[in-house]
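See below for the structure under consideration.
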Amino acid sequence: MKRVLIFGNSGAGKSTLAGAIARQYELAHLDLDTLAWEAEMPPRRKDLKASAKLIEDFIQANECWVIEGCYADLLELVAEQAEEIIFMNLSVEQCQTNARARPWEPHKYPSREAQDANLAMLLDWIAEYPERDDVFSLQAHQAFYDRFKGQKQMILDNENNKNIKTEPLP
């Protein structure tokens, strides 16, 4: 396992799984949330070219990596360089449960209180996943998964997350 993409709904466990894989295989880890948004309120997506440049910089600096996020448009930019994809396709209910239990994410929020203040919006966002038709949707993620020609896995529940079969680095 050298170059892996992990994607799915918010709250699916992408960051947790990516962190575990990064530690296990000593891979660089990129959370696409850290480069997809302008640092302003209300949040606004960065221009796709600006995000693409940041992703390219990351890949150039790291031979082995795991990249995770819910952005099908950004994942498409590196699909040909990925050796494996993992689609975290958990139910809306599981994702909402995970979102309620997630630890503070200091790279996304200035405080636990700020993160908690965003929870109701996040739970609504998660619930809309099956119906949306944007780059964050089930539809976009399923299409990305179906098109990918390399090794791929689909995780349907949190228990399978613990039993990911991974190949050792050569």
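Chain labels A, B, ... are given in the sequence in which chains occur in the structure tokens; within each chain residues are numbered consecutively from 1, and ligands are likewise numbered from 1 in the order shown.
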
Query raised in the report: Using the chain letters and numbers from this document, which residues of range 67-118 of chain A does DSSP assign to strand (DSSP E or B), as a list in words?
Result: Ile67, Glu68, Gly69, Glu84, Ile85, Ile86, Phe87 and Met88 of chain A

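Omitting Asp47 in chain A and its sequence neighbours fewer than 6 positions away, and counting only C-alpha atoms, the residues within 12 Å are Leu35, Ala36, Trp37, Glu38, Lys53, Leu54, Asp73 and Leu74 of chain A.
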
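Near range 124-138 of chain A, within a cut-off of 6 Å and counting only C-alpha atoms, sit the residues Ser10, Cys70, Tyr71, Ala72, Val92 and Gln142 of chain A, with same-chain residues fewer than 4 positions away left out.
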
Please produce a file of the residues just selected, as a short mmCIF file (atom, residue, chain, number, x, y, z; two decimals), in the first residue's frame, where the atoms kept are N, CA, C and O atoms.
```cif
data_model
loop_
_atom_site.label_atom_id
_atom_site.label_comp_id
_atom_site.auth_asym_id
_atom_site.auth_seq_id
_atom_site.Cartn_x
_atom_site.Cartn_y
_atom_site.Cartn_z
N SER A 10 -19.42 12.62 5.08
CA SER A 10 -18.92 13.19 6.32
C SER A 10 -19.30 12.26 7.45
O SER A 10 -20.41 11.72 7.48
N CYS A 70 -14.13 14.06 0.93
CA CYS A 70 -15.43 13.79 0.31
C CYS A 70 -15.59 14.50 -1.03
O CYS A 70 -16.68 14.57 -1.57
N TYR A 71 -14.49 14.98 -1.60
CA TYR A 71 -14.50 15.83 -2.79
C TYR A 71 -14.20 14.99 -4.04
O TYR A 71 -13.04 14.79 -4.40
N ALA A 72 -15.23 14.52 -4.73
CA ALA A 72 -15.01 13.68 -5.92
C ALA A 72 -14.21 14.43 -6.98
O ALA A 72 -13.39 13.83 -7.67
N VAL A 92 -26.24 6.58 6.57
CA VAL A 92 -26.39 7.93 7.12
C VAL A 92 -26.40 7.87 8.64
O VAL A 92 -25.75 8.67 9.31
N GLN A 142 -20.10 6.95 -5.79
CA GLN A 142 -20.33 5.65 -6.42
C GLN A 142 -19.78 5.64 -7.85
O GLN A 142 -19.15 4.67 -8.27
#
```

Report task. Considering only C-alpha atoms, return as an MDAnalysis selection string whatever protein or nucleic-acid residues lie within 8 Å of range 27-30 of chain A, sequence-local ones (same chain, fewer than 2 positions apart) excluded. Result -> chainID A and resid 2 18:19 21:25 32 34 58 62 64:68

Suppose we keep N, CA, C and O atoms; can you now write the selection as a CSV table (one decimal), in the first residue's frame?
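The file below, part_10.csv, is the result:
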```csv
chain,number,residue,atom,x,y,z
A,2,LYS,N,0.9,2.0,-1.1
A,2,LYS,CA,1.7,3.2,-1.2
A,2,LYS,C,1.0,4.4,-1.5
A,2,LYS,O,1.4,5.5,-1.0
A,18,ALA,N,-7.6,6.8,7.5
A,18,ALA,CA,-6.5,7.4,6.8
A,18,ALA,C,-5.3,7.5,7.8
A,18,ALA,O,-4.2,7.2,7.5
A,19,GLY,N,-5.6,8.0,9.0
A,19,GLY,CA,-4.6,8.2,10.0
A,19,GLY,C,-4.0,6.8,10.4
A,19,GLY,O,-2.7,6.7,10.6
A,21,ILE,N,-3.9,4.0,8.6
A,21,ILE,CA,-3.1,3.5,7.5
A,21,ILE,C,-1.8,4.3,7.4
A,21,ILE,O,-0.7,3.7,7.1
A,22,ALA,N,-1.8,5.6,7.5
A,22,ALA,CA,-0.6,6.4,7.4
A,22,ALA,C,0.4,6.0,8.5
A,22,ALA,O,1.6,5.9,8.2
A,23,ARG,N,-0.1,5.8,9.7
A,23,ARG,CA,0.8,5.3,10.8
A,23,ARG,C,1.4,3.9,10.5
A,23,ARG,O,2.6,3.7,10.6
A,24,GLN,N,0.5,3.0,10.1
A,24,GLN,CA,0.9,1.6,9.9
A,24,GLN,C,2.0,1.5,8.7
A,24,GLN,O,2.9,0.7,8.9
A,25,TYR,N,1.8,2.2,7.7
A,25,TYR,CA,2.7,2.1,6.5
A,25,TYR,C,3.6,3.3,6.3
A,25,TYR,O,4.3,3.4,5.3
A,32,LEU,N,-8.2,16.4,2.6
A,32,LEU,CA,-8.6,17.4,1.6
A,32,LEU,C,-9.3,18.6,2.2
A,32,LEU,O,-9.3,19.7,1.6
A,34,THR,N,-8.3,20.4,4.4
A,34,THR,CA,-7.3,21.4,4.8
A,34,THR,C,-6.9,22.3,3.6
A,34,THR,O,-6.3,23.3,3.8
A,58,PHE,N,1.8,18.4,-2.7
A,58,PHE,CA,1.8,17.3,-1.7
A,58,PHE,C,2.4,16.0,-2.3
A,58,PHE,O,3.2,15.3,-1.8
A,62,ASN,N,5.9,13.8,-1.6
A,62,ASN,CA,5.7,12.5,-0.9
A,62,ASN,C,5.4,11.4,-1.9
A,62,ASN,O,4.4,11.4,-2.6
A,64,CYS,N,4.9,8.2,-1.1
A,64,CYS,CA,3.9,7.3,-0.6
A,64,CYS,C,2.9,8.1,0.2
A,64,CYS,O,3.3,8.9,1.1
A,65,TRP,N,1.6,7.9,0.0
A,65,TRP,CA,0.6,8.8,0.7
A,65,TRP,C,-0.7,8.2,0.8
A,65,TRP,O,-1.1,7.2,0.1
A,66,VAL,N,-1.5,8.7,1.7
A,66,VAL,CA,-3.0,8.5,1.8
A,66,VAL,C,-3.6,9.8,1.7
A,66,VAL,O,-3.3,10.8,2.5
A,67,ILE,N,-4.6,10.0,0.9
A,67,ILE,CA,-5.4,11.2,0.7
A,67,ILE,C,-6.8,10.9,1.0
A,67,ILE,O,-7.3,9.9,0.5
A,68,GLU,N,-7.5,11.7,1.8
A,68,GLU,CA,-8.9,11.4,2.2
A,68,GLU,C,-9.7,12.7,2.1
A,68,GLU,O,-9.2,13.8,2.4
```

**Report entry** Atom pair CA of Ser15 in chain A / CA of Asp157 in chain A: separation (Å)
**Finding:** 15.0 Å

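Between CA of Leu156 in chain A and CA of Gln81 in chain A there is a distance of 24.9 Å.
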